file upload.csv (CSV, C-alpha atoms)
chain,number,residue,atom,x,y,z
A,1,MET,CA,0.0,0.0,0.0
A,2,VAL,CA,1.5,3.3,-1.1
A,3,THR,CA,0.6,6.5,0.8
A,4,THR,CA,0.8,9.8,-1.0
A,5,GLU,CA,1.4,12.9,1.1
A,6,SER,CA,0.1,16.2,-0.2
A,7,THR,CA,2.2,19.2,0.5
A,8,SER,CA,0.9,22.8,0.5
A,9,THR,CA,3.0,25.7,-0.8
A,10,ARG,CA,3.0,29.0,1.2
A,11,VAL,CA,3.7,32.3,-0.5
A,12,ILE,CA,5.8,34.5,1.8
A,13,THR,CA,5.6,38.3,1.1
A,14,ALA,CA,8.5,40.4,2.0
A,15,PRO,CA,7.8,42.8,4.9
A,16,HIS,CA,8.7,45.9,3.0
A,17,LEU,CA,6.1,45.0,0.3
A,18,ARG,CA,3.2,44.4,2.6
A,19,GLY,CA,0.5,47.0,2.6
A,20,THR,CA,2.0,48.9,-0.4
A,21,PRO,CA,-0.7,50.9,-2.1
A,22,PRO,CA,-1.1,50.5,-5.9
A,23,ARG,CA,0.9,52.9,-8.1
A,24,ARG,CA,-1.0,55.5,-10.0
A,25,SER,CA,-0.8,55.3,-13.7
A,26,PRO,CA,1.0,58.1,-15.6
A,27,GLN,CA,-2.4,59.3,-16.9
A,28,ALA,CA,-3.7,59.6,-13.4
A,29,GLN,CA,-0.6,61.5,-12.2
A,30,ARG,CA,-0.9,63.9,-15.1
A,31,LEU,CA,-4.6,64.5,-14.4
A,32,LEU,CA,-3.9,65.0,-10.7
A,33,TRP,CA,-1.2,67.6,-11.3
A,34,GLY,CA,-3.2,69.2,-14.1
A,35,ILE,CA,-6.1,70.1,-11.9
A,36,PRO,CA,-4.3,73.0,-10.1
A,37,SER,CA,-3.0,74.2,-13.4
A,38,VAL,CA,-6.5,74.3,-15.0
A,39,VAL,CA,-7.9,76.1,-11.9
A,40,PHE,CA,-5.1,78.7,-11.9
A,41,THR,CA,-5.3,79.4,-15.7
A,42,GLY,CA,-9.1,79.5,-15.5
A,43,ALA,CA,-9.0,82.0,-12.7
A,44,LEU,CA,-6.6,84.2,-14.7
A,45,ALA,CA,-8.8,83.9,-17.8
A,46,ILE,CA,-11.8,85.1,-15.7
A,47,ILE,CA,-9.8,88.0,-14.3
A,48,PHE,CA,-8.7,89.2,-17.7
A,49,LEU,CA,-11.9,88.5,-19.6
A,50,TYR,CA,-14.4,89.9,-17.0
A,51,PRO,CA,-13.7,93.6,-17.8
A,52,LEU,CA,-14.1,93.0,-21.5
A,53,VAL,CA,-17.3,91.0,-21.1
A,54,TRP,CA,-18.7,93.6,-18.7
A,55,THR,CA,-17.9,96.4,-21.1
A,56,THR,CA,-19.5,94.6,-24.0
A,57,VAL,CA,-22.7,93.9,-22.0
A,58,ALA,CA,-22.8,97.5,-20.7
A,59,SER,CA,-22.5,98.9,-24.2
A,60,PHE,CA,-25.9,97.4,-25.1
A,61,SER,CA,-27.7,97.7,-21.8
A,62,PRO,CA,-29.9,100.7,-20.8
A,63,GLN,CA,-28.1,103.3,-18.7
A,64,ALA,CA,-29.2,106.7,-17.5
A,65,GLY,CA,-27.3,109.6,-19.1
A,66,THR,CA,-26.4,107.6,-22.2
A,67,SER,CA,-27.9,107.2,-25.7
A,68,GLN,CA,-29.4,103.9,-24.7
A,69,THR,CA,-31.9,104.6,-21.9
A,70,ASP,CA,-34.8,102.3,-22.8
A,71,GLY,CA,-34.2,98.6,-23.2
A,72,TRP,CA,-31.3,96.9,-24.9
A,73,GLY,CA,-30.1,98.2,-28.2
A,74,LEU,CA,-27.4,100.0,-30.3
A,75,GLY,CA,-28.0,103.5,-29.2
A,76,ASN,CA,-24.5,103.9,-27.8
A,77,TYR,CA,-23.0,102.6,-31.1
A,78,ALA,CA,-25.2,105.1,-33.0
A,79,SER,CA,-23.8,107.9,-30.9
A,80,LEU,CA,-20.3,106.7,-31.5
A,81,ALA,CA,-20.9,106.4,-35.3
A,82,ASN,CA,-22.1,110.0,-35.5
A,83,PHE,CA,-19.4,111.6,-33.4
A,84,GLN,CA,-17.8,114.5,-35.3
A,85,ALA,CA,-16.3,113.1,-38.6
A,86,GLY,CA,-17.9,109.7,-38.0
A,87,ILE,CA,-16.6,106.4,-36.8
A,88,TRP,CA,-15.7,105.2,-40.3
A,89,THR,CA,-13.3,108.1,-40.8
A,90,TYR,CA,-11.5,107.2,-37.5
A,91,LEU,CA,-11.6,103.5,-38.3
A,92,GLY,CA,-10.0,104.2,-41.7
A,93,ASN,CA,-7.3,106.4,-40.1
A,94,SER,CA,-6.5,103.7,-37.6
A,95,LEU,CA,-6.4,101.0,-40.2
A,96,PHE,CA,-4.2,103.1,-42.5
A,97,VAL,CA,-1.7,103.8,-39.7
A,98,SER,CA,-1.7,100.2,-38.5
A,99,LEU,CA,-1.3,98.6,-42.0
A,100,LEU,CA,1.5,101.1,-42.9
A,101,THR,CA,3.3,100.4,-39.6
A,102,VAL,CA,3.0,96.6,-40.1
A,103,THR,CA,4.3,96.9,-43.6
A,104,LEU,CA,7.3,99.0,-42.8
A,105,THR,CA,8.1,97.0,-39.6
A,106,LEU,CA,8.0,93.7,-41.5
A,107,LEU,CA,10.1,94.9,-44.4
A,108,THR,CA,12.7,96.5,-42.2
A,109,SER,CA,13.0,93.8,-39.6
A,110,PHE,CA,13.0,91.0,-42.2
A,111,LEU,CA,15.9,92.4,-44.1
A,112,GLY,CA,17.7,93.7,-41.0
A,113,GLY,CA,17.3,90.4,-39.1
A,114,TYR,CA,18.6,88.5,-42.1
A,115,ALA,CA,21.7,90.8,-42.3
A,116,PHE,CA,22.4,90.5,-38.6
A,117,ALA,CA,22.0,86.7,-38.6
A,118,ARG,CA,23.8,85.8,-41.8
A,119,PHE,CA,26.5,88.4,-42.5
A,120,GLN,CA,29.6,89.5,-40.8
A,121,PHE,CA,30.5,93.2,-41.1
A,122,PRO,CA,32.5,95.7,-38.9
A,123,GLY,CA,30.4,97.1,-36.0
A,124,LYS,CA,27.7,94.5,-36.3
A,125,ASN,CA,27.1,93.9,-32.6
A,126,LEU,CA,27.5,97.6,-31.8
A,127,LEU,CA,24.9,98.5,-34.4
A,128,PHE,CA,22.5,95.8,-33.0
A,129,LEU,CA,23.0,97.2,-29.5
A,130,LEU,CA,22.2,100.7,-30.7
A,131,VAL,CA,18.9,99.4,-32.2
A,132,LEU,CA,18.1,97.7,-28.9
A,133,ALA,CA,19.0,100.8,-27.0
A,134,ILE,CA,15.8,102.5,-28.3
A,135,LEU,CA,14.0,100.3,-25.6
A,136,MET,CA,16.0,102.1,-22.9
A,137,VAL,CA,14.7,105.6,-23.8
A,138,PRO,CA,11.2,106.5,-22.4
A,139,TYR,CA,8.7,106.6,-25.2
A,140,ALA,CA,7.1,110.0,-24.4
A,141,THR,CA,10.5,111.8,-24.2
A,142,LEU,CA,11.2,111.2,-27.9
A,143,LEU,CA,7.9,112.5,-29.2
A,144,ILE,CA,8.7,116.2,-29.0
A,145,PRO,CA,12.0,115.9,-30.9
A,146,LEU,CA,10.3,113.7,-33.4
A,147,TYR,CA,7.5,116.3,-33.7
A,148,VAL,CA,10.1,118.9,-34.6
A,149,ILE,CA,11.8,116.6,-37.1
A,150,LEU,CA,8.5,115.6,-38.8
A,151,ASN,CA,7.5,119.3,-39.0
A,152,ALA,CA,10.8,120.1,-40.7
A,153,ILE,CA,10.2,117.4,-43.4
A,154,GLY,CA,6.5,118.2,-43.8
A,155,LEU,CA,5.0,115.1,-42.1
A,156,GLN,CA,3.7,116.8,-39.0
A,157,ASN,CA,-0.1,116.4,-38.6
A,158,SER,CA,0.2,113.4,-41.0
A,159,LEU,CA,-0.9,109.8,-40.6
A,160,VAL,CA,2.3,108.8,-42.5
A,161,GLY,CA,4.4,110.5,-39.9
A,162,VAL,CA,2.5,108.7,-37.1
A,163,ALA,CA,3.2,105.4,-38.8
A,164,LEU,CA,6.9,106.2,-39.2
A,165,VAL,CA,7.2,107.0,-35.4
A,166,LEU,CA,5.4,103.8,-34.4
A,167,THR,CA,7.6,101.8,-36.8
A,168,MET,CA,10.7,103.2,-35.1
A,169,PHE,CA,9.5,102.1,-31.7
A,170,GLN,CA,8.7,98.7,-33.0
A,171,LEU,CA,12.2,98.1,-34.5
A,172,PRO,CA,14.1,96.9,-31.4
A,173,PHE,CA,11.7,94.0,-30.6
A,174,SER,CA,11.1,93.2,-34.3
A,175,MET,CA,14.8,93.2,-35.2
A,176,PHE,CA,15.6,91.0,-32.2
A,177,MET,CA,12.8,88.6,-33.1
A,178,MET,CA,13.8,88.2,-36.7
A,179,ARG,CA,17.5,87.8,-35.9
A,180,ILE,CA,16.8,84.8,-33.6
A,181,SER,CA,14.3,83.4,-36.1
A,182,PHE,CA,17.0,83.4,-38.8
A,183,GLU,CA,19.7,82.1,-36.4
A,184,SER,CA,17.4,79.1,-35.6
A,185,ILE,CA,17.6,78.0,-39.3
A,186,PRO,CA,20.6,75.9,-40.2
A,187,ARG,CA,23.0,77.6,-42.6
A,188,GLU,CA,23.0,74.3,-44.6
A,189,MET,CA,19.6,75.4,-46.0
A,190,ASP,CA,21.2,78.5,-47.6
A,191,GLU,CA,24.1,76.5,-49.0
A,192,ALA,CA,21.7,73.9,-50.4
A,193,ALA,CA,19.7,76.6,-52.1
A,194,LEU,CA,22.8,78.1,-53.6
A,195,VAL,CA,24.0,74.7,-54.9
A,196,ASP,CA,20.6,74.2,-56.5
A,197,GLY,CA,21.1,77.4,-58.5
A,198,CYS,CA,19.5,80.1,-56.4
A,199,ASN,CA,21.2,83.4,-55.8
A,200,SER,CA,21.1,85.1,-52.4
A,201,LEU,CA,17.9,87.0,-53.1
A,202,SER,CA,16.0,84.0,-54.4
A,203,ALA,CA,17.2,81.8,-51.6
A,204,LEU,CA,16.0,84.4,-49.1
A,205,TRP,CA,12.6,84.6,-50.8
A,206,ARG,CA,12.0,80.9,-51.6
A,207,VAL,CA,13.7,79.1,-48.8
A,208,LEU,CA,14.2,81.3,-45.7
A,209,LEU,CA,11.0,83.3,-46.0
A,210,PRO,CA,8.7,80.3,-45.4
A,211,ALA,CA,11.0,79.1,-42.6
A,212,VAL,CA,10.7,82.4,-40.6
A,213,LYS,CA,7.0,82.8,-41.3
A,214,PRO,CA,6.0,82.3,-37.6
A,215,GLY,CA,8.4,85.0,-36.6
A,216,LEU,CA,7.1,87.4,-39.2
A,217,ILE,CA,3.5,86.8,-38.1
A,218,THR,CA,4.5,87.5,-34.4
A,219,VAL,CA,6.2,90.7,-35.4
A,220,GLY,CA,3.3,91.8,-37.6
A,221,LEU,CA,0.8,91.0,-34.8
A,222,PHE,CA,2.7,93.0,-32.3
A,223,ALA,CA,3.1,95.9,-34.7
A,224,PHE,CA,-0.6,95.9,-35.5
A,225,LEU,CA,-1.7,95.8,-31.8
A,226,THR,CA,0.7,98.6,-30.9
A,227,ALA,CA,-0.3,100.9,-33.8
A,228,TRP,CA,-4.0,100.2,-33.4
A,229,ASN,CA,-4.1,101.0,-29.7
A,230,ASP,CA,-1.5,103.7,-29.5
A,231,PHE,CA,-2.8,107.0,-28.0
A,232,ILE,CA,0.2,109.2,-27.2
A,233,ALA,CA,1.7,109.5,-30.7
A,234,PRO,CA,-1.5,110.6,-32.4
A,235,LEU,CA,-2.2,112.9,-29.5
A,236,ILE,CA,1.1,114.7,-30.0
A,237,LEU,CA,1.5,114.6,-33.7
A,238,ILE,CA,-2.1,115.0,-35.0
A,239,ASN,CA,-4.0,118.4,-34.8
A,240,ASP,CA,-6.7,117.9,-37.3
A,241,THR,CA,-9.9,116.2,-35.9
A,242,ASN,CA,-10.6,114.5,-39.3
A,243,ARG,CA,-7.2,112.7,-39.0
A,244,MET,CA,-7.6,111.4,-35.5
A,245,THR,CA,-7.2,107.7,-34.9
A,246,LEU,CA,-10.0,105.7,-33.2
A,247,PRO,CA,-8.4,105.7,-29.6
A,248,LEU,CA,-8.0,109.5,-29.8
A,249,ALA,CA,-11.6,109.9,-31.0
A,250,VAL,CA,-12.9,107.7,-28.2
A,251,ALA,CA,-11.0,109.7,-25.6
A,252,ASN,CA,-12.5,112.9,-27.0
A,253,LEU,CA,-15.9,111.3,-27.0
A,254,ARG,CA,-15.8,110.8,-23.2
A,255,GLY,CA,-16.7,114.4,-22.3
A,256,GLN,CA,-18.8,116.3,-24.8
A,257,VAL,CA,-21.1,118.5,-22.7
A,258,MET,CA,-19.8,120.3,-19.6
A,259,GLY,CA,-17.3,117.6,-18.8
A,260,VAL,CA,-20.0,114.9,-18.4
A,261,VAL,CA,-18.6,111.5,-19.3
A,262,ASP,CA,-20.7,109.5,-21.9
A,263,TYR,CA,-20.0,106.1,-20.5
A,264,GLY,CA,-22.2,104.3,-22.9
A,265,ALA,CA,-20.5,105.7,-26.0
A,266,THR,CA,-17.1,105.1,-24.4
A,267,GLU,CA,-17.9,101.5,-23.7
A,268,ALA,CA,-19.1,101.1,-27.3
A,269,GLY,CA,-15.8,102.6,-28.5
A,270,VAL,CA,-13.8,100.2,-26.3
A,271,VAL,CA,-15.7,97.2,-27.8
A,272,VAL,CA,-15.0,98.5,-31.4
A,273,LEU,CA,-11.3,99.0,-30.5
A,274,ALA,CA,-10.9,95.5,-28.9
A,275,LEU,CA,-12.8,93.4,-31.5
A,276,PRO,CA,-10.2,93.5,-34.3
A,277,CYS,CA,-7.4,92.7,-31.9
A,278,VAL,CA,-9.2,89.8,-30.3
A,279,LEU,CA,-10.2,88.3,-33.7
A,280,LEU,CA,-6.7,88.7,-35.2
A,281,PHE,CA,-5.1,87.1,-32.1
A,282,LEU,CA,-7.4,84.2,-32.2
A,283,ILE,CA,-6.8,83.6,-35.9
A,284,LEU,CA,-3.0,83.9,-35.6
A,285,GLN,CA,-2.5,82.3,-32.2
A,286,ARG,CA,-0.9,79.1,-33.5
A,287,HIS,CA,1.7,81.0,-35.5
A,288,TYR,CA,2.2,83.5,-32.6
A,289,VAL,CA,3.3,80.7,-30.2
A,290,ARG,CA,5.5,79.1,-32.8
A,291,GLY,CA,7.2,82.5,-33.5
A,292,PHE,CA,8.1,82.9,-29.9
A,293,MET,CA,9.5,79.4,-29.8
A,294,SER,CA,11.5,79.8,-33.0
A,295,GLY,CA,14.6,80.9,-31.2
A,296,ALA,CA,14.4,78.4,-28.3
A,297,PHE,CA,16.2,75.6,-30.2
A,298,LYS,CA,18.8,76.0,-32.9
A,299,GLY,CA,19.7,73.6,-35.6

call {"tool": "encode", "arguments": {"input": "upload.csv", "output": "structure tokens"}}
result
Amino acid sequence: MVTTESTSTRVITAPHLRGTPPRRSPQAQRLLWGIPSVVFTGALAIIFLYPLVWTTVASFSPQAGTSQTDGWGLGNYASLANFQAGIWTYLGNSLFVSLLTVTLTLLTSFLGGYAFARFQFPGKNLLFLLVLAILMVPYATLLIPLYVILNAIGLQNSLVGVALVLTMFQLPFSMFMMRISFESIPREMDEAALVDGCNSLSALWRVLLPAVKPGLITVGLFAFLTAWNDFIAPLILINDTNRMTLPLAVANLRGQVMGVVDYGATEAGVVVLALPCVLLFLILQRHYVRGFMSGAFKG
């Protein structure tokens, strides 16, 4: 008779492994750390958007002492449209100054950034520092000398003169932005274009221009926002009411009769001023972020 003994196997767990909670997955960790970030950015968005939303609602709502006293409507916008030369005149002036500023800024910074990034010439770094030194001079202190210079060349009380002044103040940031955009492009791209039969100008136009497109969009967006919203330069350089830009017209609209502020028309003017900037930023946001990141990595 054969007897078979059954043996049982015990699994012994190491003491340091007993009671260890399960590890969170990477997705759960990202979600856990992302909640404070979402809350913080959401709070910032509310803080920044609330004044604009409040102004937009108030421009349509009934308010005592405004052009919109009964019910919701466009009375404040009608008052804005009929102010002095009319809103379309001031919109046209602002658009002309902004587009001319953007064109001059893009052309100057594109060629200047290419020269600083690709060529070696005596005094290159000193000249670049002189361009950046414009940032160190207070904006308002230069307007009186510029007023005298523009008067001497016949551009005082001219929208072209305002655009030239705004372009000058955009050059430091624009030149710096385009220089780092060109420096982030490998020089091998230039050499390959030259080997393929391009000259320097065609290589710049066909090869380098598409590569620095995000930087150009960022420069153009900044130039447009600055020129569209600038108040001090038109205030100093423009004397004719028919040549005022929209920010200057809205400021004059505030107190029409015995210093009483027309808040409704002012709020409508703020909405009209902000709308093109918001739409343009939303359309170009992707290129705007890429333009700022263009100089982060080279090669």

call {"tool": "residues_around", "arguments": {"input": "upload.csv", "residues": "range 130-141 of chain A", "least_positions_apart": "4", "cutoff": "9 Å", "atoms": "only C-alpha atoms", "output": "list in words"}}
result
Asn125, Leu126, Pro145, Met168, Phe169, Leu171, Pro172, Phe173, Met175, Phe176, Ile232 and Ala233 of chain A

call {"tool": "residues_around", "arguments": {"input": "upload.csv", "residues": "Thr108 in chain A", "least_positions_apart": "4", "cutoff": "9 Å", "atoms": "only C-alpha atoms", "output": "number ranges by chain"}}
result
A: 103-104, 112-113, 171, 174-175

call {"tool": "atom_distance", "arguments": {"input": "upload.csv", "atom1": "CA of Ile283 in chain A", "atom2": "CA of Pro234 in chain A"}}
result
27.7 Å

call {"tool": "closest_residue", "arguments": {"input": "upload.csv", "among": "A:Asp230, A:Ile236, A:Thr55, A:Ile217", "to": "Ile144 in chain A", "atoms": "all atoms listed in the file"}}
result
A:Ile236

call {"tool": "residues_near_point", "arguments": {"input": "upload.csv", "point": "(10.9, 107.6, -36.5)", "cutoff": "10 Å", "atoms": "all atoms listed in the file", "output": "ChimeraX atom specification"}}
result
/A:142-143,146-147,149-150,161-171

call {"tool": "atom_distance", "arguments": {"input": "upload.csv", "atom1": "CA of Ser37 in chain A", "atom2": "CA of Pro214 in chain A"}}
result
27.1 Å

call {"tool": "residues_near_point", "arguments": {"input": "upload.csv", "point": "(12.7, 83.0, -45.1)", "cutoff": "12 Å", "atoms": "only C-alpha atoms", "output": "PDB file with C-alpha atoms, keeping the file's coordinate frame"}}
result
ATOM      1  CA  PHE A 110      13.000  91.000 -42.200  1.00  0.00           C
ATOM      2  CA  LEU A 111      15.900  92.400 -44.100  1.00  0.00           C
ATOM      3  CA  GLY A 113      17.300  90.400 -39.100  1.00  0.00           C
ATOM      4  CA  TYR A 114      18.600  88.500 -42.100  1.00  0.00           C
ATOM      5  CA  ALA A 117      22.000  86.700 -38.600  1.00  0.00           C
ATOM      6  CA  ARG A 118      23.800  85.800 -41.800  1.00  0.00           C
ATOM      7  CA  MET A 178      13.800  88.200 -36.700  1.00  0.00           C
ATOM      8  CA  ARG A 179      17.500  87.800 -35.900  1.00  0.00           C
ATOM      9  CA  SER A 181      14.300  83.400 -36.100  1.00  0.00           C
ATOM     10  CA  PHE A 182      17.000  83.400 -38.800  1.00  0.00           C
ATOM     11  CA  GLU A 183      19.700  82.100 -36.400  1.00  0.00           C
ATOM     12  CA  SER A 184      17.400  79.100 -35.600  1.00  0.00           C
ATOM     13  CA  ILE A 185      17.600  78.000 -39.300  1.00  0.00           C
ATOM     14  CA  PRO A 186      20.600  75.900 -40.200  1.00  0.00           C
ATOM     15  CA  ARG A 187      23.000  77.600 -42.600  1.00  0.00           C
ATOM     16  CA  MET A 189      19.600  75.400 -46.000  1.00  0.00           C
ATOM     17  CA  ASP A 190      21.200  78.500 -47.600  1.00  0.00           C
ATOM     18  CA  ALA A 193      19.700  76.600 -52.100  1.00  0.00           C
ATOM     19  CA  SER A 200      21.100  85.100 -52.400  1.00  0.00           C
ATOM     20  CA  LEU A 201      17.900  87.000 -53.100  1.00  0.00           C
ATOM     21  CA  SER A 202      16.000  84.000 -54.400  1.00  0.00           C
ATOM     22  CA  ALA A 203      17.200  81.800 -51.600  1.00  0.00           C
ATOM     23  CA  LEU A 204      16.000  84.400 -49.100  1.00  0.00           C
ATOM     24  CA  TRP A 205      12.600  84.600 -50.800  1.00  0.00           C
ATOM     25  CA  ARG A 206      12.000  80.900 -51.600  1.00  0.00           C
ATOM     26  CA  VAL A 207      13.700  79.100 -48.800  1.00  0.00           C
ATOM     27  CA  LEU A 208      14.200  81.300 -45.700  1.00  0.00           C
ATOM     28  CA  LEU A 209      11.000  83.300 -46.000  1.00  0.00           C
ATOM     29  CA  PRO A 210       8.700  80.300 -45.400  1.00  0.00           C
ATOM     30  CA  ALA A 211      11.000  79.100 -42.600  1.00  0.00           C
ATOM     31  CA  VAL A 212      10.700  82.400 -40.600  1.00  0.00           C
ATOM     32  CA  LYS A 213       7.000  82.800 -41.300  1.00  0.00           C
ATOM     33  CA  PRO A 214       6.000  82.300 -37.600  1.00  0.00           C
ATOM     34  CA  GLY A 215       8.400  85.000 -36.600  1.00  0.00           C
ATOM     35  CA  LEU A 216       7.100  87.400 -39.200  1.00  0.00           C
TER      36      LEU A 216
END

call {"tool": "atom_distance", "arguments": {"input": "upload.csv", "atom1": "CA of Ala223 in chain A", "atom2": "CA of Ser98 in chain A"}}
result
7.5 Å

call {"tool": "residues_around", "arguments": {"input": "upload.csv", "residues": "Val272 in chain A", "least_positions_apart": "2", "cutoff": "10 Å", "atoms": "all atoms listed in the file", "output": "PyMOL selection string"}}
result
chain A and resi 56+77+80+87+91+246-247+250+266-270+274-277

call {"tool": "build_atoms", "arguments": {"input": "upload.csv", "residues": "range 177-185 of chain A", "atoms": "all heavy atoms", "output": "PDB file, in the frame of the given file"}}
result
ATOM      1  N   MET A 177      13.576  89.798 -32.759  1.00  0.00           N
ATOM      2  CA  MET A 177      12.800  88.600 -33.100  1.00  0.00           C
ATOM      3  C   MET A 177      13.184  87.980 -34.382  1.00  0.00           C
ATOM      4  O   MET A 177      13.321  86.759 -34.485  1.00  0.00           O
ATOM      5  CB  MET A 177      11.293  89.033 -33.120  1.00  0.00           C
ATOM      6  CG  MET A 177      10.322  87.884 -33.191  1.00  0.00           C
ATOM      7  SD  MET A 177      10.224  87.031 -31.616  1.00  0.00           S
ATOM      8  CE  MET A 177       9.469  85.499 -32.148  1.00  0.00           C
ATOM      9  N   MET A 178      13.423  88.789 -35.402  1.00  0.00           N
ATOM     10  CA  MET A 178      13.800  88.200 -36.700  1.00  0.00           C
ATOM     11  C   MET A 178      15.211  87.717 -36.703  1.00  0.00           C
ATOM     12  O   MET A 178      15.515  86.748 -37.416  1.00  0.00           O
ATOM     13  CB  MET A 178      13.596  89.290 -37.786  1.00  0.00           C
ATOM     14  CG  MET A 178      12.155  89.695 -38.010  1.00  0.00           C
ATOM     15  SD  MET A 178      11.038  88.262 -38.175  1.00  0.00           S
ATOM     16  CE  MET A 178      11.769  87.393 -39.553  1.00  0.00           C
ATOM     17  N   ARG A 179      16.091  88.309 -35.923  1.00  0.00           N
ATOM     18  CA  ARG A 179      17.500  87.800 -35.900  1.00  0.00           C
ATOM     19  C   ARG A 179      17.478  86.380 -35.287  1.00  0.00           C
ATOM     20  O   ARG A 179      18.127  85.482 -35.851  1.00  0.00           O
ATOM     21  CB  ARG A 179      18.343  88.724 -35.050  1.00  0.00           C
ATOM     22  CG  ARG A 179      19.775  88.210 -34.947  1.00  0.00           C
ATOM     23  CD  ARG A 179      20.688  89.168 -34.226  1.00  0.00           C
ATOM     24  NE  ARG A 179      22.048  88.641 -34.173  1.00  0.00           N
ATOM     25  CZ  ARG A 179      23.097  89.292 -33.689  1.00  0.00           C
ATOM     26  NH1 ARG A 179      22.953  90.525 -33.213  1.00  0.00           N
ATOM     27  NH2 ARG A 179      24.301  88.736 -33.676  1.00  0.00           N
ATOM     28  N   ILE A 180      16.786  86.172 -34.161  1.00  0.00           N
ATOM     29  CA  ILE A 180      16.800  84.800 -33.600  1.00  0.00           C
ATOM     30  C   ILE A 180      16.018  83.854 -34.444  1.00  0.00           C
ATOM     31  O   ILE A 180      16.300  82.646 -34.434  1.00  0.00           O
ATOM     32  CB  ILE A 180      16.255  84.849 -32.144  1.00  0.00           C
ATOM     33  CG1 ILE A 180      14.782  85.281 -32.119  1.00  0.00           C
ATOM     34  CG2 ILE A 180      17.084  85.730 -31.263  1.00  0.00           C
ATOM     35  CD1 ILE A 180      14.152  85.196 -30.738  1.00  0.00           C
ATOM     36  N   SER A 181      15.047  84.327 -35.222  1.00  0.00           N
ATOM     37  CA  SER A 181      14.300  83.400 -36.100  1.00  0.00           C
ATOM     38  C   SER A 181      15.250  82.943 -37.243  1.00  0.00           C
ATOM     39  O   SER A 181      15.248  81.756 -37.588  1.00  0.00           O
ATOM     40  CB  SER A 181      13.120  84.167 -36.737  1.00  0.00           C
ATOM     41  OG  SER A 181      12.181  84.516 -35.744  1.00  0.00           O
ATOM     42  N   PHE A 182      16.068  83.835 -37.807  1.00  0.00           N
ATOM     43  CA  PHE A 182      17.000  83.400 -38.800  1.00  0.00           C
ATOM     44  C   PHE A 182      18.127  82.564 -38.258  1.00  0.00           C
ATOM     45  O   PHE A 182      18.583  81.614 -38.915  1.00  0.00           O
ATOM     46  CB  PHE A 182      17.599  84.656 -39.538  1.00  0.00           C
ATOM     47  CG  PHE A 182      16.735  85.230 -40.605  1.00  0.00           C
ATOM     48  CD1 PHE A 182      16.104  86.448 -40.424  1.00  0.00           C
ATOM     49  CD2 PHE A 182      16.544  84.560 -41.796  1.00  0.00           C
ATOM     50  CE1 PHE A 182      15.297  86.987 -41.409  1.00  0.00           C
ATOM     51  CE2 PHE A 182      15.735  85.083 -42.800  1.00  0.00           C
ATOM     52  CZ  PHE A 182      15.104  86.307 -42.603  1.00  0.00           C
ATOM     53  N   GLU A 183      18.579  82.891 -37.043  1.00  0.00           N
ATOM     54  CA  GLU A 183      19.700  82.100 -36.400  1.00  0.00           C
ATOM     55  C   GLU A 183      19.206  80.690 -36.077  1.00  0.00           C
ATOM     56  O   GLU A 183      20.044  79.801 -35.936  1.00  0.00           O
ATOM     57  CB  GLU A 183      20.187  82.820 -35.206  1.00  0.00           C
ATOM     58  CG  GLU A 183      21.016  84.053 -35.535  1.00  0.00           C
ATOM     59  CD  GLU A 183      21.520  84.760 -34.294  1.00  0.00           C
ATOM     60  OE1 GLU A 183      21.017  84.426 -33.186  1.00  0.00           O
ATOM     61  OE2 GLU A 183      22.403  85.636 -34.410  1.00  0.00           O
ATOM     62  N   SER A 184      17.913  80.462 -35.915  1.00  0.00           N
ATOM     63  CA  SER A 184      17.400  79.100 -35.600  1.00  0.00           C
ATOM     64  C   SER A 184      17.374  78.219 -36.840  1.00  0.00           C
ATOM     65  O   SER A 184      17.146  77.017 -36.721  1.00  0.00           O
ATOM     66  CB  SER A 184      16.030  79.203 -34.984  1.00  0.00           C
ATOM     67  OG  SER A 184      15.088  79.733 -35.909  1.00  0.00           O
ATOM     68  N   ILE A 185      17.606  78.797 -38.030  1.00  0.00           N
ATOM     69  CA  ILE A 185      17.600  78.000 -39.300  1.00  0.00           C
ATOM     70  C   ILE A 185      19.022  77.611 -39.605  1.00  0.00           C
ATOM     71  O   ILE A 185      19.927  78.452 -39.624  1.00  0.00           O
ATOM     72  CB  ILE A 185      17.015  78.863 -40.434  1.00  0.00           C
ATOM     73  CG1 ILE A 185      15.597  79.318 -40.086  1.00  0.00           C
ATOM     74  CG2 ILE A 185      17.006  78.078 -41.732  1.00  0.00           C
ATOM     75  CD1 ILE A 185      15.027  80.296 -41.088  1.00  0.00           C
TER      76      ILE A 185
END
